[in-house]
$ cat work.cif   # mmCIF, C-alpha atoms; chains and numbers go by the auth columns
data_start
loop_
_atom_site.group_PDB
_atom_site.id
_atom_site.type_symbol
_atom_site.label_atom_id
_atom_site.label_comp_id
_atom_site.label_asym_id
_atom_site.label_seq_id
_atom_site.Cartn_x
_atom_site.Cartn_y
_atom_site.Cartn_z
_atom_site.B_iso_or_equiv
_atom_site.auth_seq_id
_atom_site.auth_asym_id
ATOM 1 C CA MET A 1 44.694 -54.067 48.930 0.00 1 A
ATOM 2 C CA ASN A 2 46.979 -54.135 45.911 0.00 2 A
ATOM 3 C CA THR A 3 50.119 -52.066 45.430 0.00 3 A
ATOM 4 C CA PHE A 4 52.134 -50.947 42.403 0.00 4 A
ATOM 5 C CA ASP A 5 54.954 -48.415 42.226 0.00 5 A
ATOM 6 C CA GLY A 6 54.229 -47.279 45.781 0.00 6 A
ATOM 7 C CA VAL A 7 50.510 -46.701 45.081 0.00 7 A
ATOM 8 C CA THR A 8 48.086 -48.733 47.160 0.00 8 A
ATOM 9 C CA ILE A 9 44.818 -49.618 45.443 0.00 9 A
ATOM 10 C CA GLU A 10 41.757 -50.431 47.535 0.00 10 A
ATOM 11 C CA ASP A 11 38.025 -50.878 46.982 0.00 11 A
ATOM 12 C CA ILE A 12 35.747 -47.854 47.216 0.00 12 A
ATOM 13 C CA ASN A 13 32.386 -49.336 48.131 0.00 13 A
ATOM 14 C CA ASN A 14 29.191 -47.310 48.060 0.00 14 A
ATOM 15 C CA CYS A 15 26.307 -48.598 50.145 0.00 15 A
ATOM 16 C CA PRO A 16 23.048 -47.328 48.598 0.00 16 A
ATOM 17 C CA ASP A 17 21.382 -47.426 52.043 0.00 17 A
ATOM 18 C CA GLU A 18 23.713 -44.743 53.427 0.00 18 A
ATOM 19 C CA ASP A 19 22.448 -41.176 53.475 0.00 19 A
ATOM 20 C CA PHE A 20 24.749 -38.935 51.416 0.00 20 A
ATOM 21 C CA GLY A 21 23.557 -35.387 51.963 0.00 21 A
ATOM 22 C CA SER A 22 24.835 -32.495 49.904 0.00 22 A
ATOM 23 C CA GLY A 23 26.103 -29.188 51.156 0.00 23 A
ATOM 24 C CA ILE A 24 28.019 -27.766 54.065 0.00 24 A
ATOM 25 C CA SER A 25 27.110 -26.295 57.435 0.00 25 A
ATOM 26 C CA THR A 26 26.125 -22.688 58.017 0.00 26 A
ATOM 27 C CA GLN A 27 29.093 -21.959 60.275 0.00 27 A
ATOM 28 C CA LEU A 28 32.524 -21.397 58.794 0.00 28 A
ATOM 29 C CA LEU A 29 35.584 -21.614 61.047 0.00 29 A
ATOM 30 C CA TYR A 30 38.455 -19.273 60.246 0.00 30 A
ATOM 31 C CA ALA A 31 41.775 -18.155 61.666 0.00 31 A
ATOM 32 C CA PRO A 32 44.791 -16.300 60.297 0.00 32 A
ATOM 33 C CA ALA A 33 47.640 -18.688 59.469 0.00 33 A
ATOM 34 C CA ILE A 34 49.827 -16.920 62.070 0.00 34 A
ATOM 35 C CA PHE A 35 47.475 -18.263 64.805 0.00 35 A
ATOM 36 C CA PHE A 36 48.797 -21.815 64.209 0.00 36 A
ATOM 37 C CA ALA A 37 51.940 -23.350 65.692 0.00 37 A
ATOM 38 C CA SER A 38 51.621 -26.373 63.373 0.00 38 A
ATOM 39 C CA ILE A 39 49.255 -28.255 61.085 0.00 39 A
ATOM 40 C CA LYS A 40 50.363 -31.777 60.205 0.00 40 A
ATOM 41 C CA ILE A 41 50.143 -32.782 56.559 0.00 41 A
ATOM 42 C CA PRO A 42 49.053 -36.435 56.282 0.00 42 A
ATOM 43 C CA ASP A 43 51.372 -39.035 54.762 0.00 43 A
ATOM 44 C CA GLU A 44 50.427 -39.698 51.117 0.00 44 A
ATOM 45 C CA ASP A 45 51.598 -43.334 51.367 0.00 45 A
ATOM 46 C CA LEU A 46 48.631 -44.270 53.576 0.00 46 A
ATOM 47 C CA GLY A 47 45.206 -45.609 52.523 0.00 47 A
ATOM 48 C CA PHE A 48 42.612 -43.495 50.730 0.00 48 A
ATOM 49 C CA GLU A 49 40.987 -42.068 53.879 0.00 49 A
ATOM 50 C CA GLU A 50 44.124 -42.009 56.018 0.00 50 A
ATOM 51 C CA CYS A 51 46.128 -39.965 53.448 0.00 51 A
ATOM 52 C CA ILE A 52 43.786 -36.987 54.030 0.00 52 A
ATOM 53 C CA THR A 53 43.127 -37.418 57.772 0.00 53 A
ATOM 54 C CA ILE A 54 44.809 -35.899 60.830 0.00 54 A
ATOM 55 C CA THR A 55 43.883 -35.980 64.521 0.00 55 A
ATOM 56 C CA ALA A 56 42.781 -32.979 66.578 0.00 56 A
ATOM 57 C CA ASP A 57 46.265 -33.008 68.189 0.00 57 A
ATOM 58 C CA ASP A 58 47.849 -32.507 64.723 0.00 58 A
ATOM 59 C CA LEU A 59 46.291 -29.034 64.429 0.00 59 A
ATOM 60 C CA VAL A 60 47.977 -26.865 67.063 0.00 60 A
ATOM 61 C CA PHE A 61 47.122 -23.234 67.805 0.00 61 A
ATOM 62 C CA LYS A 62 49.570 -20.840 69.434 0.00 62 A
ATOM 63 C CA ASP A 63 48.805 -19.933 73.075 0.00 63 A
ATOM 64 C CA GLN A 64 45.328 -18.512 73.743 0.00 64 A
ATOM 65 C CA LEU A 65 44.383 -18.437 70.033 0.00 65 A
ATOM 66 C CA THR A 66 41.571 -20.400 68.402 0.00 66 A
ATOM 67 C CA TRP A 67 38.996 -20.416 65.609 0.00 67 A
ATOM 68 C CA SER A 68 36.505 -17.630 65.011 0.00 68 A
ATOM 69 C CA LEU A 69 33.096 -18.247 63.409 0.00 69 A
ATOM 70 C CA ILE A 70 31.285 -16.774 60.441 0.00 70 A
ATOM 71 C CA ASP A 71 27.591 -17.484 59.944 0.00 71 A
ATOM 72 C CA ILE A 72 26.996 -18.106 56.258 0.00 72 A
ATOM 73 C CA LEU A 73 23.732 -18.317 54.345 0.00 73 A
ATOM 74 C CA ILE A 74 22.220 -21.796 54.037 0.00 74 A
ATOM 75 C CA ASP A 75 22.006 -23.313 50.522 0.00 75 A
ATOM 76 C CA GLU A 76 24.471 -20.800 49.041 0.00 76 A
ATOM 77 C CA ASN A 77 27.763 -22.490 49.990 0.00 77 A
ATOM 78 C CA GLU A 78 29.978 -25.060 48.290 0.00 78 A
ATOM 79 C CA LEU A 79 33.318 -26.720 48.999 0.00 79 A
ATOM 80 C CA LYS A 80 35.280 -27.980 45.980 0.00 80 A
ATOM 81 C CA ASN A 81 38.250 -30.331 45.681 0.00 81 A
ATOM 82 C CA LEU A 82 39.962 -29.722 42.324 0.00 82 A
ATOM 83 C CA SER A 83 43.016 -30.768 40.357 0.00 83 A
ATOM 84 C CA ASP A 84 45.286 -28.237 38.706 0.00 84 A
ATOM 85 C CA GLY A 85 48.065 -28.740 36.164 0.00 85 A
ATOM 86 C CA VAL A 86 48.955 -30.980 33.241 0.00 86 A
ATOM 87 C CA ASN A 87 48.951 -34.795 33.125 0.00 87 A
ATOM 88 C CA GLN A 88 51.344 -36.477 35.558 0.00 88 A
ATOM 89 C CA ARG A 89 52.000 -33.112 37.218 0.00 89 A
ATOM 90 C CA LYS A 90 48.596 -32.627 38.851 0.00 90 A
ATOM 91 C CA LYS A 91 48.425 -30.639 42.078 0.00 91 A
ATOM 92 C CA ASP A 92 45.589 -30.307 44.553 0.00 92 A
ATOM 93 C CA LYS A 93 43.513 -27.151 44.683 0.00 93 A
ATOM 94 C CA SER A 94 40.614 -26.362 46.983 0.00 94 A
ATOM 95 C CA GLU A 95 37.872 -23.766 46.651 0.00 95 A
ATOM 96 C CA LEU A 96 35.186 -22.594 49.000 0.00 96 A
ATOM 97 C CA ASN A 97 32.289 -20.454 47.814 0.00 97 A
ATOM 98 C CA PHE A 98 30.027 -18.977 50.457 0.00 98 A
ATOM 99 C CA PHE A 99 27.528 -16.181 50.971 0.00 99 A
ATOM 100 C CA LEU A 100 28.063 -13.772 53.857 0.00 100 A
ATOM 101 C CA GLN A 101 24.610 -12.394 54.554 0.00 101 A
ATOM 102 C CA GLY A 102 24.004 -8.668 54.865 0.00 102 A
ATOM 103 C CA PHE A 103 25.628 -5.634 53.318 0.00 103 A
ATOM 104 C CA LYS A 104 26.752 -4.540 56.798 0.00 104 A
ATOM 105 C CA LYS A 105 29.653 -2.423 58.006 0.00 105 A
ATOM 106 C CA LYS A 106 31.099 -5.387 59.912 0.00 106 A
ATOM 107 C CA ASN A 107 31.070 -7.600 56.784 0.00 107 A
ATOM 108 C CA VAL A 108 32.593 -4.868 54.586 0.00 108 A
ATOM 109 C CA GLY A 109 35.322 -4.288 57.194 0.00 109 A
ATOM 110 C CA PHE A 110 35.999 -8.018 57.636 0.00 110 A
ATOM 111 C CA LEU A 111 36.573 -8.491 53.906 0.00 111 A
ATOM 112 C CA LYS A 112 38.669 -5.332 53.687 0.00 112 A
ATOM 113 C CA LYS A 113 40.952 -6.522 56.493 0.00 113 A
ATOM 114 C CA ILE A 114 41.462 -10.176 55.458 0.00 114 A
ATOM 115 C CA LYS A 115 41.372 -9.915 51.639 0.00 115 A
ATOM 116 C CA ASN A 116 45.160 -10.339 51.428 0.00 116 A
ATOM 117 C CA GLU A 117 45.793 -12.281 54.640 0.00 117 A
ATOM 118 C CA PRO A 118 46.906 -15.935 54.611 0.00 118 A
ATOM 119 C CA MET A 119 44.116 -17.884 56.312 0.00 119 A
ATOM 120 C CA ILE A 120 43.072 -21.376 57.373 0.00 120 A
ATOM 121 C CA PHE A 121 39.386 -22.350 57.221 0.00 121 A
ATOM 122 C CA GLY A 122 37.329 -25.226 58.562 0.00 122 A
ATOM 123 C CA ILE A 123 33.869 -26.277 57.434 0.00 123 A
ATOM 124 C CA THR A 124 31.697 -29.230 58.379 0.00 124 A
ATOM 125 C CA ASP A 125 29.744 -31.054 55.682 0.00 125 A
ATOM 126 C CA LEU A 126 26.263 -32.448 56.252 0.00 126 A
ATOM 127 C CA GLU A 127 27.710 -35.863 57.134 0.00 127 A
ATOM 128 C CA GLY A 128 29.619 -34.302 60.052 0.00 128 A
ATOM 129 C CA THR A 129 33.105 -34.360 58.499 0.00 129 A
ATOM 130 C CA LEU A 130 35.234 -31.335 59.425 0.00 130 A
ATOM 131 C CA TRP A 131 37.261 -30.286 56.375 0.00 131 A
ATOM 132 C CA ILE A 132 40.349 -28.123 56.842 0.00 132 A
ATOM 133 C CA PHE A 133 40.996 -25.759 53.968 0.00 133 A
ATOM 134 C CA GLY A 134 44.554 -24.444 53.651 0.00 134 A
ATOM 135 C CA ASN A 135 47.658 -25.341 55.644 0.00 135 A
ATOM 136 C CA LEU A 136 50.833 -23.600 56.752 0.00 136 A
ATOM 137 C CA ARG A 137 52.646 -24.403 53.501 0.00 137 A
ATOM 138 C CA ASN A 138 49.757 -23.390 51.218 0.00 138 A
ATOM 139 C CA ARG A 139 47.403 -21.041 52.979 0.00 139 A
ATOM 140 C CA ALA A 140 43.934 -20.039 51.813 0.00 140 A
ATOM 141 C CA PHE A 141 43.268 -16.594 50.372 0.00 141 A
ATOM 142 C CA ILE A 142 40.193 -14.686 49.294 0.00 142 A
ATOM 143 C CA GLU A 143 40.162 -14.929 45.521 0.00 143 A
ATOM 144 C CA THR A 144 37.110 -12.760 44.867 0.00 144 A
ATOM 145 C CA TYR A 145 34.183 -11.222 46.643 0.00 145 A
ATOM 146 C CA GLU A 146 31.218 -9.245 45.415 0.00 146 A
ATOM 147 C CA GLY A 147 28.796 -7.439 47.666 0.00 147 A
ATOM 148 C CA THR A 148 25.308 -6.227 46.903 0.00 148 A
ATOM 149 C CA THR A 149 22.515 -4.493 48.780 0.00 149 A
ATOM 150 C CA GLY A 150 20.023 -6.213 46.480 0.00 150 A
ATOM 151 C CA LYS A 151 17.476 -4.401 44.326 0.00 151 A
ATOM 152 C CA LYS A 152 14.209 -5.907 45.533 0.00 152 A
ATOM 153 C CA TYR A 153 12.906 -6.958 48.912 0.00 153 A
ATOM 154 C CA GLU A 154 13.342 -10.670 48.160 0.00 154 A
ATOM 155 C CA ASP A 155 16.955 -10.307 46.869 0.00 155 A
ATOM 156 C CA ASN A 156 19.850 -11.541 49.009 0.00 156 A
ATOM 157 C CA SER A 157 21.847 -8.712 50.514 0.00 157 A
ATOM 158 C CA GLY A 158 25.453 -9.606 51.254 0.00 158 A
ATOM 159 C CA PHE A 159 28.688 -10.898 49.806 0.00 159 A
ATOM 160 C CA ALA A 160 29.410 -13.837 47.513 0.00 160 A
ATOM 161 C CA VAL A 161 32.944 -14.866 48.508 0.00 161 A
ATOM 162 C CA LYS A 162 35.338 -17.280 46.793 0.00 162 A
ATOM 163 C CA ILE A 163 38.360 -18.559 48.691 0.00 163 A
ATOM 164 C CA SER A 164 41.045 -20.772 47.177 0.00 164 A
ATOM 165 C CA SER A 165 44.143 -22.655 48.256 0.00 165 A
ATOM 166 C CA LYS A 166 46.703 -24.694 46.359 0.00 166 A
ATOM 167 C CA SER A 167 46.458 -27.361 49.034 0.00 167 A
ATOM 168 C CA PRO A 168 44.565 -30.600 49.453 0.00 168 A
ATOM 169 C CA LEU A 169 41.571 -30.750 51.744 0.00 169 A
ATOM 170 C CA ILE A 170 42.256 -32.625 54.968 0.00 170 A
ATOM 171 C CA THR A 171 39.888 -33.933 57.608 0.00 171 A
ATOM 172 C CA ILE A 172 40.119 -34.299 61.344 0.00 172 A
ATOM 173 C CA LYS A 173 39.478 -37.790 62.678 0.00 173 A
ATOM 174 C CA ASN A 174 36.357 -37.987 64.853 0.00 174 A
#

$ encode --input "work.cif" --output "structure tokens"
Amino acid sequence: MNTFDGVTIEDINNCPDEDFGSGISTQLLYAPAIFFASIKIPDEDLGFEECITITADDLVFKDQLTWSLIDILIDENELKNLSDGVNQRKKDKSELNFFLQGFKKKNVGFLKKIKNEPMIFGITDLEGTLWIFGNLRNRAFIETYEGTTGKKYEDNSGFAVKISSKSPLITIKN
């Protein structure tokens, strides 16, 4: 590893024999930010993987509170890690797009109740990495949602939802 001005540079090797699947799981974890006692933010001075990784003990719920689950439609979901801002003042931004299947009363009510609530989300990618979206400093919020009953039998009925956070994605060490 090489270092300059406090930045450690290391190799990023890609083994062509490894299976790199695309997409995310069909179960989205969610909890209101007030459910958490603490969420550690990793130290940026660590290596490439370590600077985005916490342990399960670094994510602490308040007594008797935990994640809830949302089943989301397969092949309609995407997690994005973005940069925001001008050169040398870049900030992390995260987005999650998912499809909540069914134009149902429960789905309409869920979106109505949490549309302005600060949230924390967790989603597993197809390689088994659990990504945490939002933290206690920069929570995740619903940016947009659009529901449809569909016009034809083969149309998807449900809600396309976009969630964003001005926070980096972090992972939980396996």

$ residues_around --input "work.cif" --residues "Glu143 (chain A)" --least-positions-apart "2" --cutoff "7 Å" --atoms "all atoms listed in the file" --output "PDB file with C-alpha atoms, in the coordinates of the input"
ATOM      1  CA  PHE A 141      43.268 -16.594  50.372  1.00  0.00           C
ATOM      2  CA  LYS A 162      35.338 -17.280  46.793  1.00  0.00           C
ATOM      3  CA  ILE A 163      38.360 -18.559  48.691  1.00  0.00           C
ATOM      4  CA  SER A 164      41.045 -20.772  47.177  1.00  0.00           C
TER       5      SER A 164
END

$ resolve_selection --input "work.cif" --expression "the PyMOL selection byres ((chain A and resi 104) around 12)" --output "ChimeraX atom specification"
/A:100-103,105-111,147-149,157-159

$ atom_distance --input "work.cif" --atom1 "CA of Gly122 (chain A)" --atom2 "CA of Gly47 (chain A)"
22.7 Å

$ atom_distance --input "work.cif" --atom1 "CA of Gly23 (chain A)" --atom2 "CA of Lys90 (chain A)"
25.9 Å

$ closest_residue --input "work.cif" --among "A:Thr124, A:Lys80, A:Ile34, A:Phe133" --to "Lys62 (chain A)" --atoms "only C-alpha atoms"
A:Ile34

$ closest_residue --input "work.cif" --among "A:Leu29, A:Phe61, A:Ile74, A:Glu49" --to "Asn156 (chain A)" --atoms "only C-alpha atoms"
A:Ile74

$ resolve_selection --input "work.cif" --expression "the PyMOL selection byres ((chain A and resi 137-139) around 7)" --output "list in words"
Ala33, Pro118, Met119, Ile120, Gly134, Asn135, Leu136, Ala140, Phe141, Ser165, Lys166 and Ser167 of chain A

$ closest_residue --input "work.cif" --among "A:Asp71, A:Glu78, A:Asp63, A:Glu95" --to "Leu28 (chain A)" --atoms "only C-alpha atoms"
A:Asp71

$ atom_distance --input "work.cif" --atom1 "CA of Leu79 (chain A)" --atom2 "CA of Ala160 (chain A)"
13.5 Å

$ closest_residue --input "work.cif" --among "A:Ser83, A:Thr171, A:Asn116, A:Thr26" --to "Ile142 (chain A)" --atoms "only C-alpha atoms"
A:Asn116

$ closest_residue --input "work.cif" --among "A:Phe35, A:Ile172, A:Tyr30, A:Asp45" --to "Ser68 (chain A)" --atoms "all atoms listed in the file"
A:Tyr30

$ resolve_selection --input "work.cif" --expression "the PyMOL selection byres ((chain A and resi 57) around 12)" --output "JSON, numbers by chain"
{"A": [37, 38, 39, 40, 53, 54, 55, 56, 58, 59, 60, 61, 172, 173, 174]}

$ closest_residue --input "work.cif" --among "A:Val161, A:Ile72, A:Leu96, A:Ile41" --to "Ser25 (chain A)" --atoms "all atoms listed in the file"
A:Ile72
